[in-house]
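Q: start01.pdb is the file, holding PDB, C-alpha atoms:
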MODEL        1
ATOM      1  CA  MET A 512     -15.814 -16.639   7.160  1.00  0.00           C
ATOM      2  CA  PHE A 513     -15.653 -14.417   4.125  1.00  0.00           C
ATOM      3  CA  THR A 514     -13.796 -14.119   0.842  1.00  0.00           C
ATOM      4  CA  ILE A 515     -11.945 -10.922   0.006  1.00  0.00           C
ATOM      5  CA  ILE A 516     -12.033  -9.539  -3.510  1.00  0.00           C
ATOM      6  CA  GLN A 517      -8.779  -7.904  -4.530  1.00  0.00           C
ATOM      7  CA  ASP A 518      -8.846  -5.638  -7.562  1.00  0.00           C
ATOM      8  CA  THR A 519      -6.925  -6.875 -10.602  1.00  0.00           C
ATOM      9  CA  ARG A 520      -5.041  -3.551 -10.748  1.00  0.00           C
ATOM     10  CA  GLU A 521      -3.637  -3.933  -7.219  1.00  0.00           C
ATOM     11  CA  GLN A 522       0.119  -3.873  -7.841  1.00  0.00           C
ATOM     12  CA  ILE A 523       1.488  -4.921  -4.449  1.00  0.00           C
ATOM     13  CA  PRO A 524      -1.384  -6.736  -2.736  1.00  0.00           C
ATOM     14  CA  LEU A 525      -1.659  -7.236   0.995  1.00  0.00           C
ATOM     15  CA  ASP A 526      -1.296 -10.726   2.468  1.00  0.00           C
ATOM     16  CA  PHE A 527      -4.421 -11.986   4.216  1.00  0.00           C
ATOM     17  CA  SER A 528      -3.354 -15.632   4.472  1.00  0.00           C
ATOM     18  CA  PHE A 529      -2.626 -15.347   8.215  1.00  0.00           C
ATOM     19  CA  PHE A 530      -6.208 -14.485   9.174  1.00  0.00           C
ATOM     20  CA  GLU A 531      -8.623 -17.290  10.011  1.00  0.00           C
ATOM     21  CA  GLN A 532     -11.667 -15.087   9.261  1.00  0.00           C
ATOM     22  CA  CYS A 533     -10.630 -14.927   5.601  1.00  0.00           C
ATOM     23  CA  ASP A 534     -11.236 -18.078   3.613  1.00  0.00           C
ATOM     24  CA  GLY A 535      -9.427 -16.782   0.554  1.00  0.00           C
ATOM     25  CA  VAL A 536      -8.766 -13.951  -1.842  1.00  0.00           C
ATOM     26  CA  LEU A 537     -10.434 -13.697  -5.229  1.00  0.00           C
ATOM     27  CA  VAL A 538      -8.610 -11.508  -7.756  1.00  0.00           C
ATOM     28  CA  ASP A 539     -11.270  -9.793  -9.836  1.00  0.00           C
ATOM     29  CA  CYS A 540     -12.320  -6.366 -11.043  1.00  0.00           C
ATOM     30  CA  VAL A 541     -13.498  -4.206  -8.136  1.00  0.00           C
ATOM     31  CA  LYS A 542     -15.646  -1.353  -9.451  1.00  0.00           C
ATOM     32  CA  THR A 543     -14.695   1.003  -6.631  1.00  0.00           C
ATOM     33  CA  GLY A 544     -11.613   0.700  -4.445  1.00  0.00           C
ATOM     34  CA  ASP A 545      -8.939  -1.957  -4.088  1.00  0.00           C
ATOM     35  CA  TYR A 546     -10.698  -4.489  -1.845  1.00  0.00           C
ATOM     36  CA  SER A 547     -14.233  -5.665  -1.171  1.00  0.00           C
ATOM     37  CA  MET A 548     -15.969  -8.899  -0.099  1.00  0.00           C
ATOM     38  CA  VAL A 549     -17.811 -11.530  -2.099  1.00  0.00           C
ATOM     39  CA  GLY A 550     -21.533 -10.846  -1.705  1.00  0.00           C
ATOM     40  CA  TYR A 551     -20.928  -7.359  -0.294  1.00  0.00           C
ATOM     41  CA  GLU A 552     -19.489  -5.612  -3.357  1.00  0.00           C
ATOM     42  CA  ASP A 553     -22.142  -2.887  -3.303  1.00  0.00           C
ATOM     43  CA  LYS A 554     -21.951  -2.464   0.486  1.00  0.00           C
ATOM     44  CA  VAL A 555     -18.248  -2.154   1.379  1.00  0.00           C
ATOM     45  CA  PHE A 556     -15.106  -0.906  -0.295  1.00  0.00           C
ATOM     46  CA  ILE A 557     -11.597  -0.234   0.842  1.00  0.00           C
ATOM     47  CA  GLU A 558      -9.164   1.951  -1.017  1.00  0.00           C
ATOM     48  CA  ARG A 559      -5.582   1.383   0.095  1.00  0.00           C
ATOM     49  CA  LYS A 560      -2.764   3.919   0.053  1.00  0.00           C
ATOM     50  CA  ARG A 561       0.794   2.654   0.412  1.00  0.00           C
ATOM     51  CA  SER A 562       2.406   6.017   1.144  1.00  0.00           C
ATOM     52  CA  SER A 563       1.675   9.668   1.789  1.00  0.00           C
ATOM     53  CA  GLY A 564       3.284  10.268  -1.601  1.00  0.00           C
ATOM     54  CA  GLU A 565       0.644   8.124  -3.310  1.00  0.00           C
ATOM     55  CA  LEU A 566      -2.108   9.972  -1.433  1.00  0.00           C
ATOM     56  CA  SER A 567      -0.649  13.352  -2.448  1.00  0.00           C
ATOM     57  CA  ILE A 568      -0.672  12.285  -6.103  1.00  0.00           C
ATOM     58  CA  ASN A 569      -4.316  11.196  -5.784  1.00  0.00           C
ATOM     59  CA  LEU A 570      -5.240  14.551  -4.259  1.00  0.00           C
ATOM     60  CA  GLY A 571      -3.067  16.531  -6.675  1.00  0.00           C
ATOM     61  CA  VAL A 572      -2.268  15.652 -10.270  1.00  0.00           C
ATOM     62  CA  ASP A 573      -4.622  12.634 -10.296  1.00  0.00           C
ATOM     63  CA  LYS A 574      -7.478  14.270  -8.390  1.00  0.00           C
ATOM     64  CA  ASP A 575     -10.087  14.130 -11.177  1.00  0.00           C
ATOM     65  CA  ARG A 576      -9.873  10.324 -11.387  1.00  0.00           C
ATOM     66  CA  PHE A 577      -9.672   9.952  -7.604  1.00  0.00           C
ATOM     67  CA  TYR A 578     -12.719  12.144  -6.931  1.00  0.00           C
ATOM     68  CA  ARG A 579     -14.720  10.261  -9.603  1.00  0.00           C
ATOM     69  CA  GLU A 580     -13.988   7.108  -7.609  1.00  0.00           C
ATOM     70  CA  LEU A 581     -15.167   8.815  -4.414  1.00  0.00           C
ATOM     71  CA  GLU A 582     -18.379   9.818  -6.203  1.00  0.00           C
ATOM     72  CA  ARG A 583     -18.976   6.201  -7.285  1.00  0.00           C
ATOM     73  CA  ALA A 584     -18.695   5.228  -3.619  1.00  0.00           C
ATOM     74  CA  ARG A 585     -21.354   7.664  -2.362  1.00  0.00           C
ATOM     75  CA  ASP A 586     -24.090   5.038  -2.040  1.00  0.00           C
ATOM     76  CA  ILE A 587     -21.822   2.386  -0.508  1.00  0.00           C
ATOM     77  CA  LYS A 588     -22.555   1.994   3.185  1.00  0.00           C
ATOM     78  CA  TRP A 589     -19.095   1.070   4.505  1.00  0.00           C
ATOM     79  CA  LYS A 590     -16.225   2.924   2.872  1.00  0.00           C
ATOM     80  CA  TYR A 591     -12.653   3.313   4.011  1.00  0.00           C
ATOM     81  CA  ILE A 592      -9.286   4.528   2.870  1.00  0.00           C
ATOM     82  CA  VAL A 593      -6.707   2.425   4.682  1.00  0.00           C
ATOM     83  CA  CYS A 594      -3.254   3.983   4.759  1.00  0.00           C
ATOM     84  CA  GLU A 595      -0.030   2.036   5.303  1.00  0.00           C
ATOM     85  CA  PHE A 596       1.425   5.053   7.103  1.00  0.00           C
ATOM     86  CA  SER A 597       0.640   6.898  10.302  1.00  0.00           C
ATOM     87  CA  VAL A 598      -1.139  10.205  10.687  1.00  0.00           C
ATOM     88  CA  ASN A 599       2.200  11.592  11.924  1.00  0.00           C
ATOM     89  CA  ASP A 600       3.810  10.491   8.651  1.00  0.00           C
ATOM     90  CA  LEU A 601       1.058  12.369   6.838  1.00  0.00           C
ATOM     91  CA  LEU A 602       1.540  15.508   8.916  1.00  0.00           C
ATOM     92  CA  GLU A 603       5.309  15.369   8.280  1.00  0.00           C
ATOM     93  CA  PHE A 604       4.796  15.064   4.513  1.00  0.00           C
ATOM     94  CA  PRO A 605       6.906  14.989   2.333  1.00  0.00           C
ATOM     95  CA  LYS A 606       9.232  13.164   4.741  1.00  0.00           C
ATOM     96  CA  LYS A 607       8.854   9.365   4.379  1.00  0.00           C
ATOM     97  CA  SER A 608       6.611   9.914   1.332  1.00  0.00           C
ATOM     98  CA  GLY A 609       8.811   8.106  -1.161  1.00  0.00           C
ATOM     99  CA  ILE A 610       9.069  11.314  -3.188  1.00  0.00           C
ATOM    100  CA  PRO A 611      12.703  12.182  -3.983  1.00  0.00           C
ATOM    101  CA  LYS A 612      13.976  15.134  -1.941  1.00  0.00           C
ATOM    102  CA  ASN A 613      15.011  17.041  -5.080  1.00  0.00           C
ATOM    103  CA  ARG A 614      11.283  17.230  -6.047  1.00  0.00           C
ATOM    104  CA  TRP A 615       9.980  18.516  -2.708  1.00  0.00           C
ATOM    105  CA  SER A 616      10.180  22.185  -3.775  1.00  0.00           C
ATOM    106  CA  LYS A 617       7.683  21.472  -6.587  1.00  0.00           C
ATOM    107  CA  LEU A 618       5.040  19.886  -4.332  1.00  0.00           C
ATOM    108  CA  ARG A 619       1.670  21.605  -4.011  1.00  0.00           C
ATOM    109  CA  PHE A 620       0.892  20.337  -0.492  1.00  0.00           C
ATOM    110  CA  ASN A 621       2.410  20.138   2.903  1.00  0.00           C
ATOM    111  CA  GLY A 622       1.302  17.629   5.540  1.00  0.00           C
ATOM    112  CA  LYS A 623      -1.181  19.951   7.182  1.00  0.00           C
ATOM    113  CA  ALA A 624      -2.896  20.624   3.844  1.00  0.00           C
ATOM    114  CA  LEU A 625      -3.077  16.893   3.038  1.00  0.00           C
ATOM    115  CA  TYR A 626      -4.547  16.181   6.464  1.00  0.00           C
ATOM    116  CA  GLY A 627      -7.165  18.890   5.869  1.00  0.00           C
ATOM    117  CA  LEU A 628      -8.107  17.334   2.522  1.00  0.00           C
ATOM    118  CA  CYS A 629      -8.501  13.941   4.216  1.00  0.00           C
ATOM    119  CA  ARG A 630     -10.883  15.453   6.782  1.00  0.00           C
ATOM    120  CA  LYS A 631     -12.815  17.194   4.005  1.00  0.00           C
ATOM    121  CA  ILE A 632     -13.204  13.888   2.142  1.00  0.00           C
ATOM    122  CA  GLU A 633     -14.435  12.214   5.332  1.00  0.00           C
ATOM    123  CA  GLU A 634     -17.087  14.911   5.766  1.00  0.00           C
ATOM    124  CA  GLU A 635     -18.178  15.225   2.128  1.00  0.00           C
ATOM    125  CA  TYR A 636     -18.154  11.550   1.159  1.00  0.00           C
ATOM    126  CA  GLY A 637     -18.593   9.730   4.486  1.00  0.00           C
ATOM    127  CA  ILE A 638     -15.348   7.871   3.912  1.00  0.00           C
ATOM    128  CA  GLN A 639     -13.256   7.010   6.955  1.00  0.00           C
ATOM    129  CA  PHE A 640      -9.471   7.224   6.814  1.00  0.00           C
ATOM    130  CA  VAL A 641      -7.660   4.541   8.799  1.00  0.00           C
ATOM    131  CA  PHE A 642      -3.988   5.297   9.426  1.00  0.00           C
ATOM    132  CA  CYS A 643      -1.696   2.373  10.212  1.00  0.00           C
ATOM    133  CA  VAL A 644       2.010   2.079  10.940  1.00  0.00           C
ATOM    134  CA  ASN A 645       2.807  -0.486   8.233  1.00  0.00           C
ATOM    135  CA  ARG A 646       1.441  -3.043   5.733  1.00  0.00           C
ATOM    136  CA  GLU A 647       0.827  -5.693   8.367  1.00  0.00           C
ATOM    137  CA  GLU A 648      -1.308  -3.376  10.484  1.00  0.00           C
ATOM    138  CA  ALA A 649      -3.172  -2.250   7.354  1.00  0.00           C
ATOM    139  CA  ALA A 650      -4.032  -5.891   6.577  1.00  0.00           C
ATOM    140  CA  GLU A 651      -5.197  -6.385  10.187  1.00  0.00           C
ATOM    141  CA  GLU A 652      -7.428  -3.290  10.003  1.00  0.00           C
ATOM    142  CA  ILE A 653      -8.964  -4.457   6.737  1.00  0.00           C
ATOM    143  CA  ILE A 654      -9.741  -7.833   8.294  1.00  0.00           C
ATOM    144  CA  LYS A 655     -11.338  -6.063  11.296  1.00  0.00           C
ATOM    145  CA  ILE A 656     -13.497  -3.959   8.964  1.00  0.00           C
ATOM    146  CA  PHE A 657     -14.595  -6.947   6.883  1.00  0.00           C
ATOM    147  CA  THR A 658     -15.289  -8.975  10.020  1.00  0.00           C
ATOM    148  CA  GLN A 659     -17.535  -6.217  11.382  1.00  0.00           C
ATOM    149  CA  VAL A 660     -19.380  -5.954   8.080  1.00  0.00           C
ATOM    150  CA  TYR A 661     -19.757  -9.730   7.817  1.00  0.00           C
ATOM    151  CA  GLU A 662     -20.964 -10.109  11.409  1.00  0.00           C
ATOM    152  CA  SER A 663     -23.355  -7.180  11.097  1.00  0.00           C
ATOM    153  CA  GLY A 664     -25.594  -9.147   8.750  1.00  0.00           C
ATOM    154  CA  ASN A 665     -26.019  -5.970   6.655  1.00  0.00           C
ATOM    155  CA  VAL A 666     -27.625  -4.174   9.596  1.00  0.00           C
ATOM    156  CA  GLY A 667     -24.722  -1.795  10.205  1.00  0.00           C
ATOM    157  CA  PHE A 668     -22.448  -1.112  13.109  1.00  0.00           C
TER     158      PHE A 668
ENDMDL
END
Transcribe the structure of this file into structure tokens.

A:
Amino acid sequence: MFTIIQDTREQIPLDFSFFEQCDGVLVDCVKTGDYSMVGYEDKVFIERKRSSGELSINLGVDKDRFYRELERARDIKWKYIVCEFSVNDLLEFPKKSGIPKNRWSKLRFNGKALYGLCRKIEEEYGIQFVFCVNREEAAEEIIKIFTQVYESGNVGF
């Protein structure tokens, strides 16, 4: 069993209480990302995105901060961006993005462009995007990732 570290800045945290592999959540400062594991802080990080709108902001107006975070993660072995939305939701951006329709004409990206940026980040930084259909599936995927890391004994998978 392992303990998840949830960053103190996480505004709407995921619920991991249903998973027997997780023996608790420690709220603490996570240097890179939103979630990590006690004892594995320099080996695994997970950045979570609640919506395609949040991702578009990170890749647009907030890109300098976001790319600095990606740079900090370069030497981390297991790195993921877990999205609480499907790849189809991303491709259909700005639909279901949470961005008001009256602002869509001012957006710099469409779904295809955002998808391309995600693939570029995967290639340049070795970060894997995991697209889920909702919050519950995102929590399940994070548990699967942490379980694999924990069971790997730091050897890799």

Q: Identify which of the residues A:Glu565, A:Asp573, A:Glu552, A:Asp545 lies closest to Phe596 (chain A), counting all atoms listed in the file when measuring atom-to-atom distances.

A: A:Glu565

Q: Can you turn the PyMOL selection byres ((chain A and resi 563) around 6) into a concrete residue list for this file, as JSON, numbers by chain?

A: {"A": [562, 564, 565, 566, 601, 608]}

Q: When you draw a straight line from CA of Gln522 (chain A) to CA of Glu634 (chain A), how long is it in Å?

A: 28.9 Å

Q: With the PyMOL selection byres ((chain A and resi 525) around 10) as the selection, what would be picked from this file? Answer as a list in words, please.

A: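 This file gives the following for the PyMOL selection byres ((chain A and resi 525) around 10): Gln517, Glu521, Gln522, Ile523, Pro524, Asp526, Phe527, Ser528, Tyr546, Arg559, Arg646, Glu647, Ala649, Ala650, Glu651 and Ile653 of chain A.
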
Q: Counting all atoms listed in the file, which residue out of A:Gly609, A:Gly664, A:Ala624, A:Lys590 sits closest to Gly637 (chain A)?

A: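 Counting all atoms listed in the file, the residue closest to Gly637 (chain A) is A:Lys590.
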
Q: Any idea what's packed within 10 Å of Asn599 (chain A), counting only C-alpha atoms, ignoring anything in its chain fewer than 6 positions away? Could you give it as an MDAnalysis selection string?

A: chainID A and resid 622 626 642 644

Q: Can you work out the spacing between CA of Arg576 (chain A) and CA of Ser547 (chain A) in Å, to one decimal?

A: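 CA of Ser547 (chain A) lies at a distance of 19.5 Å from CA of Arg576 (chain A).
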
Q: Residues at most 10 Å from region 578-581 of chain A, counting only C-alpha atoms, excluding those fewer than 2 positions away in the same chain, as a VMD selection string?

A: chain A and resid 542 to 544 558 569 to 570 573 to 576 583 to 586 590 632 635 to 638
